[in-house]
Amino acid sequence: MSQLTPEAMPDVLSMFLQPWDEAVEDPIESQERVFRQLLEGYAQTEYGARCGAAAVHTLEEYRRAFPTTAYEGYLPLINEAMETGRGPLLYEDPLAWAITRGTTKGESKFVPMTPTDMRMRSSAGRAVMNHVLRTERFEVLQGANLNLNFPSVVGTLQVGDRELEYGYSSGIYLKHTTSSLIRSIPTQEEIDALGGGKTIADWERRFELAYQNAKGENISFVGGVAPTAVAFGRYLHQAHRVYPKDLWQMNVMTLGSVPGINTKYVPALRAMYGPVDVVEIYGATEGMFGQQRDENRAWVPNYDLFFFEVQTGSGVKMLHEMQPRETGSLIVSTPVLPRYKIGDLIRAFRPPYFRCIGRDRPLTRLRYWWDALVMWDFDRL
């Protein structure tokens with residue numbers, strides 16, 4: 001992107017965003033197309049053959065043939081893929097194995113990242129590109145991204161006769177798909193060289209690397225995990241008596257991984273980083289599912305990439321069929337995982353806006369309304 005002239009950027013960005021824009025305008029047609037594409041892939045797997053993917057033609061048949069399945073249900077198939085290289089679940093060899101940060105009962109999940117899956121993760125770039133096009137701040141893409149991502153390499157797995165690295169999806173994504181488009185400081189390779197530890201000392205080494213490499217550089221945006229961005233700002237103040245806003249003039253932060261970015265996190269982020277625009281991303285280790293599209297404080301689904309259902313009090317329905325103020329548990333079909341119950345509660349606003357309000361747990365709804373009361377922010381976009 002940094003090699004493009006400002007004059008060429010509007011057309012290039014519009015072309016990149018066009019599939020998303022068209023899908024948002026017609027989610028029914030887009031989801032039908034994604035449904036067909038995913039079934040073609042599932043039919044090439046042993047698991048899909050068992051479920052009769054080739055004979056599935058309607059949504060009702062799909063729901064009967066492929067039961068809603070959480071990670072624990074897929075774990076035996078994932079373990080087999082880790083042992084053999086592909087197993088019953090995959091029709092492509094994984095490019096990498098990603099681990100979560102331990103949100104499922106405190107333990108990390110392993111998720112294969114295939115070539116098809118990796119291409120779809122380019123959707124993460126929609127957040128900053130849409131922001132640049134909408135605000136006409138094209139100079140943002142001439143600057144560099146402050147890389148606060150997790151390591152792409154934490155360890156290795158013996159997969160068949162091969163040894164594969166595993167790490168965190170954000171770092172893997174940056175290394176495989178964006179390094180040639182966006183200049184990131186520090187590089188992902190420099191972060192990986194510090195090791196994959198998760199202690200405070202490990203993160204302080206990464207933060208010091210970012211500070212030393214990026215000071216004096218034109219840092220125009222930062223993407224990643226919201227709590228990590230807050231932790232970096234606190235580290236700079238504690239270790240060097242400065243905040244990010246004292247070092248760089250950032251325009252935008254594209255952040256995800258936790259609920260409440262546009263409500264709970266924005267005050268702390270702007271106190272540390274200055275008057276930045278904060279753009280929310282909704283994703284997980286399993287995929288990038290949506291991103292904020294405008295000034296409304298909610299994300300818009302990637303209807304052109306994933307197949308979205310939701311379990312509500314009135315039964316299973318398509319995500320785009322949810323009514324405003326309706327809440328349900330997300331079921332997403334990815335190139336790797338059919339009808340995967342990801343374990344997140346999704347709240348619908350007026351179309352096409354949604355928020356993830358937290359994990360699908362008994363107290364999550366209560367916590368959402370408590371936060372809304374404390375911040376006097378009752379479902380306001």
# chains A, B, ... in the order shown; residues from 1 in each chain; ligands from 1
$ residues_around --residues "Thr364 (chain A)" --least-positions-apart "2" --cutoff "12 Å" --atoms "only C-alpha atoms" --output "compact mmCIF listing (two decimals) with N, CA and C atoms, in the first residue's frame"
# COMPACT_ATOMS: atom_id res chain seq x y z
N PRO A 259 -14.90 -7.62 24.27
CA PRO A 259 -16.10 -6.78 24.12
C PRO A 259 -15.84 -5.39 24.69
N THR A 327 -30.56 -11.14 21.27
CA THR A 327 -29.24 -11.67 21.62
C THR A 327 -29.24 -13.18 21.40
N GLY A 328 -28.12 -13.71 20.91
CA GLY A 328 -28.01 -15.15 20.71
C GLY A 328 -26.57 -15.60 20.63
N SER A 329 -26.38 -16.92 20.62
CA SER A 329 -25.06 -17.53 20.60
C SER A 329 -24.65 -17.81 19.15
N GLY A 343 -19.07 -19.86 20.92
CA GLY A 343 -19.16 -19.57 22.35
C GLY A 343 -19.27 -18.09 22.67
N ASP A 344 -19.67 -17.26 21.68
CA ASP A 344 -19.83 -15.83 21.90
C ASP A 344 -21.30 -15.45 21.81
N LEU A 345 -21.70 -14.52 22.66
CA LEU A 345 -23.04 -13.96 22.60
C LEU A 345 -23.03 -12.70 21.73
N ILE A 346 -23.93 -12.66 20.75
CA ILE A 346 -24.02 -11.57 19.80
C ILE A 346 -25.33 -10.82 20.01
N ARG A 347 -25.24 -9.50 20.03
CA ARG A 347 -26.44 -8.67 20.18
C ARG A 347 -26.65 -7.87 18.90
N CYS A 356 -20.48 -8.11 19.86
CA CYS A 356 -20.26 -9.27 20.73
C CYS A 356 -20.25 -8.74 22.15
N ILE A 357 -21.12 -9.29 23.00
CA ILE A 357 -21.21 -8.77 24.37
C ILE A 357 -20.44 -9.63 25.36
N GLY A 358 -19.86 -10.74 24.90
CA GLY A 358 -19.06 -11.58 25.80
C GLY A 358 -19.25 -13.05 25.49
N ARG A 359 -18.68 -13.87 26.34
CA ARG A 359 -18.79 -15.31 26.18
C ARG A 359 -20.20 -15.78 26.55
N ASP A 360 -20.59 -16.92 25.99
CA ASP A 360 -21.92 -17.47 26.22
C ASP A 360 -21.94 -18.13 27.59
N ARG A 361 -22.12 -17.30 28.60
CA ARG A 361 -22.12 -17.75 29.99
C ARG A 361 -23.30 -17.11 30.72
N PRO A 362 -23.73 -17.72 31.85
CA PRO A 362 -24.96 -17.26 32.50
C PRO A 362 -24.95 -15.78 32.89
N LEU A 366 -26.14 -10.12 32.22
CA LEU A 366 -26.22 -9.25 33.40
C LEU A 366 -25.05 -8.27 33.41
N ARG A 367 -23.86 -8.76 33.07
CA ARG A 367 -22.68 -7.88 33.04
C ARG A 367 -22.83 -6.81 31.95
N TYR A 368 -23.40 -7.17 30.83
CA TYR A 368 -23.60 -6.21 29.75
C TYR A 368 -24.49 -5.06 30.21
N TRP A 369 -25.60 -5.40 30.90
CA TRP A 369 -26.51 -4.35 31.34
C TRP A 369 -25.94 -3.56 32.51
N TRP A 370 -25.13 -4.21 33.33
CA TRP A 370 -24.47 -3.47 34.42
C TRP A 370 -23.50 -2.43 33.84
N ASP A 371 -22.70 -2.83 32.85
CA ASP A 371 -21.78 -1.90 32.20
C ASP A 371 -22.55 -0.77 31.53
$ closest_atom_pairs --of "region 47-106 of chain A" --to "region 139-161 of chain A" --cutoff "12 Å" --atoms "only C-alpha atoms" --output "CSV"
residue,atom,partner,partner_atom,distance
A:Ile78,CA,A:Val159,CA,11.6
A:Asn79,CA,A:Val159,CA,10.1
A:Glu80,CA,A:Val159,CA,9.4
A:Ala81,CA,A:Val159,CA,7.9
A:Met82,CA,A:Val159,CA,5.4
A:Glu83,CA,A:Val159,CA,4.9
A:Thr84,CA,A:Gly160,CA,4.7
A:Gly85,CA,A:Val159,CA,5.2
A:Arg86,CA,A:Val159,CA,8.9
A:Gly87,CA,A:Gly160,CA,10.5
A:Asp93,CA,A:Val159,CA,10.5
A:Pro94,CA,A:Val159,CA,10.2
A:Leu95,CA,A:Val159,CA,11.8
A:Ala96,CA,A:Ser152,CA,9.3
A:Trp97,CA,A:Leu157,CA,8.7
A:Ala98,CA,A:Ser152,CA,8.1
A:Ile99,CA,A:Val154,CA,9.0
A:Thr100,CA,A:Phe150,CA,10.5
A:Arg101,CA,A:Phe150,CA,9.5
$ select_by_dssp --residues "region 11-154 of chain A" --states "strand (DSSP E or B)" --output "NGL selection string"
:A and (69 or 96-99 or 104 or 107 or 110-113 or 144-147)
$ write_last_selection --atoms "C-alpha atoms" --output "PDB file, in the first residue's frame"
ATOM      1  CA  THR A  69     -20.519 -28.469  17.369  1.00  0.00           C
ATOM      2  CA  ALA A  96       0.230 -23.050  10.250  1.00  0.00           C
ATOM      3  CA  TRP A  97      -1.348 -23.958  13.550  1.00  0.00           C
ATOM      4  CA  ALA A  98      -2.765 -21.189  15.705  1.00  0.00           C
ATOM      5  CA  ILE A  99      -3.401 -21.261  19.436  1.00  0.00           C
ATOM      6  CA  THR A 104     -11.797 -21.843  26.836  1.00  0.00           C
ATOM      7  CA  GLU A 107      -6.664 -23.717  28.163  1.00  0.00           C
ATOM      8  CA  PHE A 110      -5.297 -25.392  18.551  1.00  0.00           C
ATOM      9  CA  VAL A 111      -6.820 -24.328  15.226  1.00  0.00           C
ATOM     10  CA  PRO A 112      -5.395 -25.197  11.783  1.00  0.00           C
ATOM     11  CA  MET A 113      -4.909 -22.283   9.360  1.00  0.00           C
ATOM     12  CA  ALA A 144       3.838   2.380   9.504  1.00  0.00           C
ATOM     13  CA  ASN A 145       1.836   0.071  11.744  1.00  0.00           C
ATOM     14  CA  LEU A 146       2.968  -0.202  15.359  1.00  0.00           C
ATOM     15  CA  ASN A 147       3.172  -3.970  15.711  1.00  0.00           C
TER      16      ASN A 147
END
$ closest_residue --among "A:Asp192, A:Glu163, A:Glu72, A:Asp117" --to "Ser333 (chain A)" --atoms "only C-alpha atoms"
A:Asp117
$ atom_distance --atom1 "CA of Ala348 (chain A)" --atom2 "CA of Leu373 (chain A)"
18.6 Å
$ select_by_dssp --residues "region 286-379 of chain A" --states "alpha helix (DSSP H)" --output "ChimeraX atom specification"
/A:364-375
$ write_last_selection --atoms "C-alpha atoms" --output "short mmCIF file (atom, residue, chain, number, x, y, z; two decimals), in the first residue's frame"
data_model
loop_
_atom_site.label_atom_id
_atom_site.label_comp_id
_atom_site.auth_asym_id
_atom_site.auth_seq_id
_atom_site.Cartn_x
_atom_site.Cartn_y
_atom_site.Cartn_z
CA THR A 364 -22.77 -12.27 30.52
CA ARG A 365 -26.12 -10.59 29.85
CA LEU A 366 -26.22 -9.25 33.40
CA ARG A 367 -22.68 -7.88 33.04
CA TYR A 368 -23.60 -6.21 29.75
CA TRP A 369 -26.51 -4.35 31.34
CA TRP A 370 -24.47 -3.47 34.42
CA ASP A 371 -21.78 -1.90 32.20
CA ALA A 372 -24.49 -0.08 30.25
CA LEU A 373 -25.89 1.32 33.51
CA VAL A 374 -22.49 2.41 34.81
CA MET A 375 -21.63 4.18 31.53
#
$ closest_residue --among "A:Val279, A:Gln212, A:Gln292, A:Glu326" --to "Ser314 (chain A)" --atoms "only C-alpha atoms"
A:Glu326
$ residues_around --residues "Phe66 (chain A)" --least-positions-apart "2" --cutoff "8 Å" --atoms "only C-alpha atoms" --output "mmCIF file with N, CA and C atoms, in the first residue's frame"
data_model
loop_
_atom_site.group_PDB
_atom_site.id
_atom_site.type_symbol
_atom_site.label_atom_id
_atom_site.label_comp_id
_atom_site.auth_asym_id
_atom_site.auth_seq_id
_atom_site.Cartn_x
_atom_site.Cartn_y
_atom_site.Cartn_z
ATOM 1 N N CYS A 51 -21.011 -36.825 6.794
ATOM 2 C CA CYS A 51 -22.230 -36.054 7.034
ATOM 3 C C CYS A 51 -23.091 -35.926 5.780
ATOM 4 N N TYR A 62 -28.735 -28.890 5.596
ATOM 5 C CA TYR A 62 -27.425 -28.605 6.201
ATOM 6 C C TYR A 62 -27.492 -28.734 7.715
ATOM 7 N N ARG A 63 -28.533 -28.182 8.307
ATOM 8 C CA ARG A 63 -28.656 -28.228 9.760
ATOM 9 C C ARG A 63 -28.899 -29.652 10.256
ATOM 10 N N ARG A 64 -29.586 -30.459 9.465
ATOM 11 C CA ARG A 64 -29.786 -31.859 9.864
ATOM 12 C C ARG A 64 -28.500 -32.679 9.701
ATOM 13 N N THR A 68 -24.640 -28.699 15.173
ATOM 14 C CA THR A 68 -23.878 -27.628 15.806
ATOM 15 C C THR A 68 -22.856 -28.238 16.758
ATOM 16 N N PRO A 338 -17.405 -26.652 10.089
ATOM 17 C CA PRO A 338 -18.824 -26.471 9.777
ATOM 18 C C PRO A 338 -19.654 -26.293 11.050
ATOM 19 N N ARG A 339 -20.511 -25.284 11.039
ATOM 20 C CA ARG A 339 -21.473 -25.039 12.112
ATOM 21 C C ARG A 339 -20.803 -25.076 13.482
#
$ residues_around --residues "Arg33 (chain A)" --least-positions-apart "6" --cutoff "10 Å" --atoms "only C-alpha atoms" --output "JSON, numbers by chain"
{"A": [27, 303, 304, 305, 307]}
